[in-house]
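A.B. asks: File follows, data_34.txt with compact mmCIF, C-alpha atoms:
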# COMPACT_ATOMS: atom_id res chain seq x y z
CA GLY A 1 273.69 69.47 -121.35
CA CYS A 2 270.07 68.41 -121.06
CA VAL A 3 268.29 69.09 -117.77
CA LEU A 4 266.88 65.92 -116.21
CA ALA A 5 263.36 67.38 -116.05
CA ASN A 6 263.49 67.91 -119.82
CA VAL A 7 264.40 64.26 -120.35
CA GLN A 8 261.42 63.29 -118.20
CA ALA A 9 259.17 65.65 -120.20
CA ALA A 10 260.36 64.20 -123.53
CA ALA A 11 259.54 60.70 -122.33
CA GLU A 12 256.15 61.91 -121.08
CA ALA A 13 255.39 63.46 -124.49
CA ALA A 14 256.05 60.06 -126.05
CA GLY A 15 253.70 58.35 -123.60
CA MET A 16 256.61 56.74 -121.75
CA LEU A 17 258.46 57.12 -118.44
CA PHE A 18 262.06 58.01 -117.69
CA PRO A 19 262.03 57.10 -113.99
CA LEU A 20 265.20 58.75 -112.71
CA SER A 21 263.92 61.33 -110.22
CA LEU A 22 265.89 63.63 -107.90
CA ALA A 23 265.04 66.66 -105.80
CA SER A 24 267.36 68.67 -108.10
CA GLU A 25 265.81 67.40 -111.34
CA GLY A 26 264.89 70.93 -112.41
CA SER A 27 268.54 71.94 -112.67
CA CYS A 28 270.81 68.87 -112.74
CA ARG A 29 272.01 67.57 -116.13
CA ILE A 30 271.68 64.07 -117.49
CA GLY A 31 275.41 63.88 -118.29
CA GLY A 32 276.22 64.49 -114.65
CA ASN A 33 273.51 62.05 -113.57
CA LEU A 34 275.16 59.33 -115.64
CA ALA A 35 278.70 60.27 -114.60
CA THR A 36 277.69 59.90 -110.95
CA ASN A 37 275.36 56.91 -111.48
CA ALA A 38 272.58 58.89 -109.79
CA GLY A 39 269.99 56.97 -107.82
CA GLY A 40 267.10 59.02 -106.45
CA THR A 41 263.73 57.86 -105.20
CA ALA A 42 262.82 55.25 -107.83
CA VAL A 43 265.83 52.91 -107.58
CA LEU A 44 263.67 50.31 -105.84
CA ALA A 45 261.73 49.59 -109.02
CA TYR A 46 263.88 50.91 -111.86
CA GLY A 47 267.50 50.87 -110.69
CA ASN A 48 270.23 53.50 -110.74
CA ALA A 49 271.23 55.55 -113.79
CA ARG A 50 273.41 52.63 -114.90
CA GLU A 51 270.33 50.46 -115.39
CA LEU A 52 268.74 53.22 -117.47
CA THR A 53 271.67 53.59 -119.88
CA LEU A 54 271.92 51.65 -123.14
CA GLY A 55 274.66 53.55 -124.93
CA LEU A 56 277.03 56.50 -124.61
CA GLU A 57 279.17 58.90 -126.57
CA VAL A 58 282.30 59.82 -124.62
CA VAL A 59 285.18 62.24 -125.25
CA LEU A 60 288.40 60.66 -124.00
CA ALA A 61 291.32 62.43 -122.38
CA ASP A 62 293.43 62.24 -125.57
CA GLY A 63 290.68 63.89 -127.63
CA GLN A 64 289.30 60.76 -129.27
CA VAL A 65 285.51 60.33 -129.30
CA TRP A 66 284.09 56.90 -128.54
CA ASN A 67 280.75 56.42 -130.28
CA GLY A 68 278.87 53.81 -128.28
CA LEU A 69 275.40 55.19 -129.05
CA ARG A 70 273.68 51.85 -129.52
CA ALA A 71 270.24 50.91 -128.26
CA LEU A 72 270.94 47.23 -127.76
CA ARG A 73 269.72 45.39 -124.68
CA LYS A 74 272.18 42.58 -125.39
CA ASP A 75 275.71 43.03 -126.71
CA ASN A 76 278.47 40.68 -125.59
CA SER A 77 280.96 41.62 -128.30
CA GLY A 78 283.69 42.48 -125.81
CA TYR A 79 283.90 44.61 -122.69
CA ASP A 80 280.88 46.71 -121.70
CA LEU A 81 282.69 50.02 -122.10
CA LYS A 82 279.77 52.23 -121.14
CA ASN A 83 279.91 50.96 -117.58
CA LEU A 84 283.46 52.26 -117.27
CA PHE A 85 282.13 55.78 -117.65
CA VAL A 86 278.78 55.60 -115.84
CA GLY A 87 279.68 56.34 -112.22
CA SER A 88 283.26 57.39 -112.99
CA GLU A 89 282.56 60.99 -111.87
CA GLY A 90 284.11 62.37 -115.05
CA THR A 91 287.57 61.01 -114.23
CA LEU A 92 287.81 58.60 -117.20
CA GLY A 93 285.95 60.48 -119.95
CA ILE A 94 283.36 63.17 -120.60
CA ILE A 95 279.88 61.90 -121.48
CA THR A 96 278.46 64.01 -124.32
CA ALA A 97 275.47 61.94 -125.50
CA ALA A 98 273.47 58.94 -124.34
CA VAL A 99 270.83 56.45 -125.39
CA LEU A 100 268.46 56.12 -122.43
CA ARG A 101 266.09 53.31 -121.54
CA LEU A 102 262.42 54.22 -121.12
CA HIS A 103 259.68 52.33 -119.28
CA PRO A 104 255.94 52.08 -119.81
CA LYS A 105 254.17 54.94 -118.12
CA PRO A 106 252.05 53.78 -115.15
CA VAL A 107 248.31 54.22 -115.60
CA SER A 108 247.82 55.08 -111.93
CA LYS A 109 249.90 55.95 -108.87
CA ALA A 110 249.11 56.02 -105.17
CA THR A 111 251.04 57.70 -102.35
CA ALA A 112 250.73 57.15 -98.60
CA PHE A 113 252.45 58.33 -95.42
CA LEU A 114 252.87 55.79 -92.61
CA GLY A 115 253.53 56.16 -88.89
CA LEU A 116 255.46 53.33 -87.20
CA GLU A 117 257.06 52.61 -83.85
CA SER A 118 260.64 51.97 -85.01
CA ALA A 119 263.03 51.50 -87.91
CA ARG A 120 262.69 47.73 -87.47
CA ALA A 121 258.92 48.04 -87.87
CA ALA A 122 259.48 50.11 -91.01
CA LEU A 123 261.80 47.44 -92.42
CA ASP A 124 259.20 44.74 -91.69
CA ALA A 125 256.50 46.85 -93.34
CA PHE A 126 258.71 47.32 -96.39
CA GLY A 127 259.26 43.57 -96.64
CA ARG A 128 255.55 42.80 -96.49
CA LEU A 129 254.66 45.44 -99.05
CA ARG A 130 257.38 44.23 -101.39
CA ASP A 131 256.15 40.64 -101.05
CA ARG A 132 252.56 41.62 -101.82
CA LEU A 133 253.15 44.32 -104.43
CA GLY A 134 256.34 43.22 -106.21
CA PRO A 135 257.54 45.74 -108.82
CA ARG A 136 254.45 47.89 -108.28
CA LEU A 137 256.09 49.16 -105.08
CA THR A 138 258.10 52.00 -106.61
CA ALA A 139 259.19 53.90 -103.48
CA PHE A 140 259.63 53.31 -99.76
CA GLU A 141 261.29 56.30 -98.11
CA TYR A 142 262.34 56.24 -94.46
CA VAL A 143 261.78 59.45 -92.42
CA PRO A 144 262.38 59.46 -88.63
CA ARG A 145 260.67 61.86 -86.23
CA PHE A 146 263.43 64.48 -85.99
CA PRO A 147 263.87 65.15 -89.73
CA LEU A 148 260.09 65.42 -90.15
CA GLU A 149 259.87 67.89 -87.26
CA VAL A 150 262.63 69.96 -88.88
CA VAL A 151 260.69 70.14 -92.15
CA LEU A 152 257.42 71.01 -90.41
CA ARG A 153 259.23 73.74 -88.48
CA HIS A 154 260.95 75.42 -91.43
CA LEU A 155 259.18 74.56 -94.71
CA PRO A 156 256.55 77.18 -95.61
CA GLY A 157 253.12 75.61 -95.98
CA ALA A 158 254.15 72.22 -94.61
CA VAL A 159 251.30 70.33 -92.94
CA ARG A 160 251.69 67.48 -90.45
CA PRO A 161 250.62 64.37 -92.40
CA LEU A 162 249.39 62.31 -89.44
CA ASP A 163 247.80 63.04 -86.08
CA GLY A 164 249.89 62.10 -83.09
CA ASP A 165 253.61 61.51 -82.77
CA HIS A 166 255.51 58.50 -84.11
CA ASP A 167 259.11 57.38 -83.81
CA THR A 168 259.38 56.55 -87.51
CA TYR A 169 257.57 57.47 -90.72
CA ALA A 170 257.63 56.09 -94.24
CA LEU A 171 256.55 57.53 -97.58
CA VAL A 172 255.22 54.81 -99.86
CA GLU A 173 254.41 54.94 -103.58
CA VAL A 174 252.68 52.29 -105.68
CA SER A 175 252.52 52.40 -109.48
CA SER A 176 250.16 50.23 -111.50
CA PRO A 177 249.62 49.43 -115.18
CA GLY A 178 245.89 49.55 -114.37
CA PRO A 179 243.63 52.13 -112.71
CA ASP A 180 243.65 50.44 -109.30
CA ALA A 181 246.76 51.76 -107.52
CA ASP A 182 244.73 53.52 -104.81
CA GLU A 183 242.64 50.45 -104.05
CA GLU A 184 245.68 48.17 -104.03
CA LEU A 185 247.68 50.36 -101.65
CA GLU A 186 244.68 50.95 -99.38
CA ALA A 187 244.13 47.21 -99.07
CA ARG A 188 247.76 46.56 -98.20
CA LEU A 189 247.80 49.39 -95.63
CA SER A 190 244.69 47.97 -93.98
CA GLU A 191 246.49 44.66 -93.58
CA LEU A 192 249.51 46.35 -91.99
CA ILE A 193 247.34 48.37 -89.58
CA GLU A 194 245.29 45.34 -88.58
CA SER A 195 248.47 43.40 -87.87
CA GLY A 196 249.68 46.21 -85.60
CA LEU A 197 252.83 46.79 -87.64
CA VAL A 198 251.70 50.25 -88.81
CA ALA A 199 250.23 52.56 -86.16
CA ASP A 200 248.63 55.06 -88.54
CA ALA A 201 248.57 55.95 -92.23
CA THR A 202 247.11 58.47 -94.64
CA LEU A 203 246.49 57.84 -98.33
CA ALA A 204 246.70 60.80 -100.71
CA ARG A 205 243.32 61.29 -102.36
CA SER A 206 244.53 63.64 -105.09
CA GLU A 207 247.62 64.41 -107.10
CA ALA A 208 248.09 67.61 -105.07
CA GLN A 209 247.99 65.69 -101.79
CA GLY A 210 250.52 63.21 -103.12
CA ALA A 211 252.82 66.04 -104.21
CA ALA A 212 252.54 67.61 -100.75
CA LEU A 213 253.66 64.35 -99.12
CA TRP A 214 256.61 64.05 -101.50
CA ARG A 215 257.54 67.69 -100.80
CA LEU A 216 258.03 66.81 -97.14
CA ARG A 217 260.53 64.10 -98.08
CA GLU A 218 262.34 66.06 -100.79
CA SER A 219 262.86 69.09 -98.53
CA LEU A 220 264.68 67.21 -95.78
CA SER A 221 268.25 68.04 -96.82
CA GLU A 222 267.57 71.72 -97.41
CA MET A 223 265.57 72.24 -94.21
CA GLN A 224 268.24 70.58 -92.07
CA GLY A 225 270.45 73.59 -92.71
CA TYR A 226 268.14 75.81 -90.65
CA GLU A 227 269.08 73.82 -87.54
CA GLY A 228 272.80 74.65 -87.79
CA GLY A 229 275.85 72.68 -88.88
CA SER A 230 275.35 69.34 -90.58
CA ILE A 231 277.84 66.47 -90.87
CA LYS A 232 276.68 64.23 -93.70
CA HIS A 233 277.23 60.59 -94.58
CA ASP A 234 275.82 58.93 -97.70
CA VAL A 235 276.14 55.22 -97.02
CA SER A 236 274.56 51.90 -97.87
CA VAL A 237 274.28 48.53 -96.13
CA PRO A 238 272.47 45.32 -97.09
CA VAL A 239 268.72 46.00 -96.99
CA SER A 240 268.17 43.36 -94.33
CA ARG A 241 270.57 45.23 -92.00
CA VAL A 242 269.35 48.82 -92.46
CA ALA A 243 267.54 48.94 -89.11
CA GLU A 244 270.52 47.40 -87.33
CA PHE A 245 272.83 50.00 -88.87
CA LEU A 246 270.57 52.86 -87.80
CA GLU A 247 270.51 51.60 -84.22
CA ARG A 248 274.27 51.02 -84.00
CA ALA A 249 275.33 54.23 -85.71
CA THR A 250 272.86 56.36 -83.74
CA ALA A 251 274.01 54.93 -80.42
CA ALA A 252 277.68 55.38 -81.31
CA CYS A 253 277.29 59.00 -82.44
CA GLU A 254 275.16 60.01 -79.47
CA ALA A 255 277.75 58.46 -77.14
CA ALA A 256 280.56 60.33 -78.92
CA MET A 257 278.82 63.70 -78.57
CA PRO A 258 275.97 64.17 -76.09
CA GLY A 259 273.25 66.32 -77.62
CA VAL A 260 274.09 65.57 -81.25
CA ARG A 261 270.87 65.17 -83.25
CA VAL A 262 270.78 62.27 -85.71
CA CYS A 263 269.00 63.31 -88.90
CA ALA A 264 269.00 60.04 -90.85
CA PHE A 265 266.68 59.36 -93.77
CA GLY A 266 266.75 57.57 -97.08
CA HIS A 267 265.76 54.75 -99.33
CA PHE A 268 264.94 51.51 -97.51
CA GLY A 269 264.46 49.66 -100.78
CA ASP A 270 268.13 49.89 -101.79
CA GLY A 271 269.74 50.17 -98.36
CA ASN A 272 270.88 53.76 -98.91
CA ILE A 273 270.76 55.97 -95.81
CA HIS A 274 271.71 59.64 -95.63
CA PHE A 275 273.07 59.46 -92.10
CA ASN A 276 273.35 63.14 -91.28
CA LEU A 277 274.18 64.67 -87.92
CA THR A 278 272.87 68.06 -86.77
CA GLN A 279 274.81 70.07 -84.23
CA PRO A 280 273.62 70.07 -80.60
CA VAL A 281 271.35 72.95 -79.64
CA GLY A 282 273.49 75.91 -78.64
CA ALA A 283 276.71 74.45 -80.05
CA GLU A 284 279.18 76.49 -82.09
CA LYS A 285 278.86 75.56 -85.76
CA ALA A 286 282.55 75.68 -86.70
CA ALA A 287 283.56 73.60 -83.70
CA PHE A 288 280.92 71.02 -84.56
CA LEU A 289 281.96 70.76 -88.21
CA ALA A 290 285.56 70.29 -87.11
CA GLU A 291 284.43 66.93 -85.69
CA TRP A 292 283.61 65.63 -89.20
CA PRO A 293 286.69 63.35 -89.45
CA ARG A 294 285.93 61.78 -86.06
CA PHE A 295 282.34 61.05 -87.01
CA ASN A 296 283.48 59.72 -90.40
CA ARG A 297 285.53 57.13 -88.58
CA ILE A 298 282.64 56.17 -86.30
CA VAL A 299 280.01 55.86 -89.04
CA HIS A 300 282.21 54.47 -91.80
CA ASP A 301 283.75 51.81 -89.55
CA ILE A 302 280.25 50.55 -88.71
CA VAL A 303 279.26 50.58 -92.39
CA HIS A 304 282.42 48.68 -93.35
CA ALA A 305 281.86 46.10 -90.60
CA MET A 306 278.37 45.50 -92.03
CA ASP A 307 279.68 44.93 -95.59
CA GLY A 308 278.34 48.29 -96.75
CA SER A 309 279.63 51.21 -98.81
CA ILE A 310 280.78 54.63 -97.60
CA ALA A 311 279.74 56.21 -100.92
CA ALA A 312 276.28 55.05 -101.89
CA GLU A 313 274.63 57.74 -103.98
CA HIS A 314 276.74 60.89 -104.09
CA GLY A 315 280.02 59.33 -105.12
CA VAL A 316 283.55 59.91 -103.84
CA GLY A 317 284.70 63.27 -105.22
CA LEU A 318 287.22 64.95 -102.92
CA ILE A 319 285.45 64.54 -99.59
CA LYS A 320 285.72 60.75 -99.50
CA ARG A 321 288.77 60.25 -101.71
CA ASP A 322 291.20 59.79 -98.84
CA GLU A 323 288.78 57.46 -97.05
CA LEU A 324 288.90 54.89 -99.86
CA PRO A 325 292.25 53.28 -98.98
CA ARG A 326 290.93 52.42 -95.52
CA TYR A 327 287.76 50.73 -96.77
CA LYS A 328 288.16 49.75 -100.43
CA ASP A 329 289.48 46.32 -101.33
CA PRO A 330 293.17 46.83 -102.24
CA VAL A 331 292.81 44.86 -105.47
CA ALA A 332 289.79 46.96 -106.49
CA LEU A 333 291.69 50.15 -105.71
CA ASP A 334 294.65 48.96 -107.77
CA LEU A 335 292.36 48.18 -110.72
CA MET A 336 290.83 51.65 -110.46
CA ARG A 337 294.29 53.24 -110.57
CA ARG A 338 295.25 51.13 -113.59
CA LEU A 339 292.10 52.19 -115.45
CA LYS A 340 292.74 55.83 -114.62
CA GLY A 341 296.35 55.51 -115.75
CA ALA A 342 295.35 53.85 -119.02
CA LEU A 343 292.55 56.25 -119.99
CA ASP A 344 293.84 59.48 -118.45
CA PRO A 345 297.58 59.06 -117.80
CA HIS A 346 298.13 62.81 -117.42
CA GLY A 347 295.35 63.43 -114.90
CA LEU A 348 293.49 65.92 -117.09
CA LEU A 349 289.95 64.83 -116.29
CA ASN A 350 288.42 66.05 -113.01
CA PRO A 351 291.89 66.05 -111.43
CA GLY A 352 292.22 64.93 -107.84
CA LYS A 353 288.73 63.44 -107.63
CA VAL A 354 288.08 59.80 -106.65
CA LEU A 355 291.80 58.90 -106.81
CA ALA A 356 294.74 61.00 -105.64
CA ALA A 357 297.16 62.09 -108.35
CA GLN A 358 299.92 59.55 -108.97
CA GLY A 359 303.00 61.69 -109.74
CA ALA A 360 303.58 64.41 -112.31
CA PRO A 361 301.89 63.91 -115.69
CA GLU A 362 303.81 63.37 -118.88
CA ALA A 363 302.74 64.92 -122.17
CA PHE A 364 300.71 63.01 -124.73
CA PRO A 365 302.87 62.01 -127.71
CA ALA A 366 302.13 64.25 -130.65
CA LYS A 367 302.18 63.20 -134.28
CA GLY A 368 305.74 62.88 -135.44
CA GLY A 369 306.93 61.69 -132.06
CA ARG A 370 307.33 65.06 -130.30
CA ALA A 371 305.77 65.73 -126.91
CA ALA A 372 302.57 67.74 -126.90
CA SER A 373 301.48 69.97 -124.03
CA PRO A 374 298.62 68.50 -121.93
CA ALA A 375 296.92 71.91 -122.24
Just dump the structure as structure tokens.
C.D. replies:
Amino acid sequence: GCVLANVQAAAEAAGMLFPLSLASEGSCRIGGNLATNAGGTAVLAYGNARELTLGLEVVLADGQVWNGLRALRKDNSGYDLKNLFVGSEGTLGIITAAVLRLHPKPVSKATAFLGLESARAALDAFGRLRDRLGPRLTAFEYVPRFPLEVVLRHLPGAVRPLDGDHDTYALVEVSSPGPDADEELEARLSELIESGLVADATLARSEAQGAALWRLRESLSEMQGYEGGSIKHDVSVPVSRVAEFLERATAACEAAMPGVRVCAFGHFGDGNIHFNLTQPVGAEKAAFLAEWPRFNRIVHDIVHAMDGSIAAEHGVGLIKRDELPRYKDPVALDLMRRLKGALDPHGLLNPGKVLAAQGAPEAFPAKGGRAASPA
């Protein structure tokens, strides 16, 4: 498999951009990225892995190889088979090659860190920046006070990006086909500060400063572990309701367990929030983690009521498999089972993930009509 960072480097060498970017890009593989429809920090402008895939080669459960390695932007000659496998988590076929879509490399980028009074203010700021900047707004990452304090406390070399204390922070990136990204972002930030929507902001004046701001955001998940047990939810709601979700879910979880510390962060531009919960100070880790099913019900019920998804970026796997029947449309779930049964009737591929096994497998028919062992 090809490491994601190597794909990015190959695009860079050709003067182009492969925009899929994850904290684990130095080790994760592009096949897995496609199989999980990875998102990352650039979905706002470039979409998920699905939008970056033109063609695939896939090994099917019966050993056949589907060669769909075409670089066409338009092809309506039947079903779009590649989209069966992108996001299927390896349960329908094994992706072995891909034709990926590249984008023009931006001439300039600008990064800023904002301090705001609430998640609602952050959502309003996102809306205004999107209206003024359009596709040049390539990232808007939401970071509340507690997660930032965790990173500043545990990440070696971390520096507080703003003076003072704010309820909410946002990491903003602007990419431009011209050399003016800094000037454009600075002008937009001045407007937001003058309107009172943004309390404070700092604009990175060098590539190193920009990387330091991104390091704060990308270290959130890892640094949370230093605070004890973590119950994690990877969910999405309509963008217009992100702030409402954060308020409702936070209030519900804090009421369910006094002292629990909400460590929510994520991508405002696509409505994806990593709604994590950190154990209360002094709590016993195992006892806290045993509450995971109860908090699943609290958070996922709110997400479902808001027409959201309980599996936004990290997929279903095993952890959320048994949650699907409660929240997934029954017709959609039936279609998923039919697809699995048609493409992998013996449950050979990533068994038990996404969908529970449906009975004992039968052998594939061998040539000559005799049964062949699934092994």
A.B. asks: Which neighbours of stretch 58-62 of chain A fall inside 10 Å, counting only C-alpha atoms, when residues of the same chain fewer than 4 positions from it are skipped, and could you give them as an mmCIF file with C-alpha atoms, keeping the file's coordinate frame?
C.D. replies:
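This went into out_15.cif:
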data_model
loop_
_atom_site.group_PDB
_atom_site.id
_atom_site.type_symbol
_atom_site.label_atom_id
_atom_site.label_comp_id
_atom_site.auth_asym_id
_atom_site.auth_seq_id
_atom_site.Cartn_x
_atom_site.Cartn_y
_atom_site.Cartn_z
ATOM 1 C CA TRP A 66 284.090 56.900 -128.540
ATOM 2 C CA ASN A 67 280.750 56.420 -130.280
ATOM 3 C CA GLY A 68 278.870 53.810 -128.280
ATOM 4 C CA LEU A 69 275.400 55.190 -129.050
ATOM 5 C CA LYS A 82 279.770 52.230 -121.140
ATOM 6 C CA PHE A 85 282.130 55.780 -117.650
ATOM 7 C CA THR A 91 287.570 61.010 -114.230
ATOM 8 C CA LEU A 92 287.810 58.600 -117.200
ATOM 9 C CA GLY A 93 285.950 60.480 -119.950
ATOM 10 C CA ILE A 94 283.360 63.170 -120.600
ATOM 11 C CA ILE A 95 279.880 61.900 -121.480
ATOM 12 C CA THR A 96 278.460 64.010 -124.320
ATOM 13 C CA ALA A 97 275.470 61.940 -125.500
ATOM 14 C CA ALA A 98 273.470 58.940 -124.340
ATOM 15 C CA LEU A 343 292.550 56.250 -119.990
ATOM 16 C CA ASP A 344 293.840 59.480 -118.450
ATOM 17 C CA PRO A 345 297.580 59.060 -117.800
ATOM 18 C CA HIS A 346 298.130 62.810 -117.420
ATOM 19 C CA GLY A 347 295.350 63.430 -114.900
ATOM 20 C CA LEU A 348 293.490 65.920 -117.090
ATOM 21 C CA LEU A 349 289.950 64.830 -116.290
ATOM 22 C CA PHE A 364 300.710 63.010 -124.730
ATOM 23 C CA PRO A 365 302.870 62.010 -127.710
ATOM 24 C CA PRO A 374 298.620 68.500 -121.930
#
A.B. asks: Show me, as a list in words, the residues that have an atom within 10 Å of A:Asn276 when counting all atoms listed in the file, minus same-chain residues fewer than 5 positions from it.
C.D. replies: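 Near A:Asn276, the qualifying residues are Pro147, Ser221, Gln224, Ser230, Ile231, Lys232, His233, Asp234, Arg261, Val262, Cys263, Ala264 and Phe265 of chain A.
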A.B. asks: Restricting the calculation to all atoms listed in the file: of A:Ala283, A:Leu246, A:Ala112, A:Met257, which residue gets closest to A:Ala204?
C.D. replies: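 The closest residue to A:Ala204 is A:Ala112.
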A.B. asks: Counting all atoms listed in the file, what is within 10 Å of A:Ala42, bar same-chain residues fewer than 4 positions away, as JSON, numbers by chain?
C.D. replies: {"A": [19, 20, 21, 22, 46, 47, 48, 137, 138, 139, 140, 141, 173, 267, 269, 270]}
A.B. asks: Just the number, please: distance in Å from atom CA of A:Arg217 to atom CA of A:Glu51, one decimal.
C.D. replies: 24.1 Å
A.B. asks: So which one's closest to A:Gly31, A:Gly87, A:Gly259, A:Gly178, A:Gly352? Using only C-alpha atoms, please.
C.D. replies: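 With only C-alpha atoms as the atom set, the closest residue is A:Gly87.
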A.B. asks: Would you mind listing what lies within 10 Å of A:Ser24 as a PDB file with C-alpha atoms, in the coordinates of the input, with only C-alpha atoms counted and same-chain residues fewer than 5 positions away left out?
C.D. replies:
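The result, written out as part03.pdb:
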ATOM      1  CA  VAL A   3     268.290  69.090-117.770  1.00  0.00           C
ATOM      2  CA  LEU A   4     266.880  65.920-116.210  1.00  0.00           C
ATOM      3  CA  ALA A   5     263.360  67.380-116.050  1.00  0.00           C
ATOM      4  CA  ARG A  29     272.010  67.570-116.130  1.00  0.00           C
ATOM      5  CA  GLY A  40     267.100  59.020-106.450  1.00  0.00           C
ATOM      6  CA  GLU A 218     262.340  66.060-100.790  1.00  0.00           C
TER       7      GLU A 218
END
A.B. asks: Can you find the residues with an atom no farther than 6 Å from (261.9, 47.2, -105.3), counting all atoms listed in the file, and report them as a list in words?
C.D. replies: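 The answer, in the requested form, is Leu44, Ala45, Pro135 and Gly269 of chain A.
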A.B. asks: Residues of the last selection are to be written out with C-alpha atoms, as a short mmCIF file (atom, residue, chain, number, x, y, z; two decimals), in the coordinates of the input.
C.D. replies:
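result_10.cif written:
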data_model
loop_
_atom_site.label_atom_id
_atom_site.label_comp_id
_atom_site.auth_asym_id
_atom_site.auth_seq_id
_atom_site.Cartn_x
_atom_site.Cartn_y
_atom_site.Cartn_z
CA LEU A 44 263.67 50.31 -105.84
CA ALA A 45 261.73 49.59 -109.02
CA PRO A 135 257.54 45.74 -108.82
CA GLY A 269 264.46 49.66 -100.78
#
A.B. asks: Please provide the set of residues having any atom within 9 Å of stretch 9-11 of chain A, restricted to all atoms listed in the file, with same-chain residues fewer than 5 positions apart removed, written as an MDAnalysis selection string.
C.D. replies: chainID A and resid 4 16:18 102:103 105
A.B. asks: (258.8, 45.7, -92.3) in this file's frame - what residues fall within 12 Å of it? Use all atoms listed in the file and give the answer as a ChimeraX atom specification.
C.D. replies: /A:114,116-131,140,142,168-170,192,195-198,239-243,268-269
A.B. asks: Which of these, A:Glu183, A:Phe113, A:Leu289, A:Leu152, has the shortest distance to A:Leu213 once you count only C-alpha atoms?
C.D. replies: A:Phe113
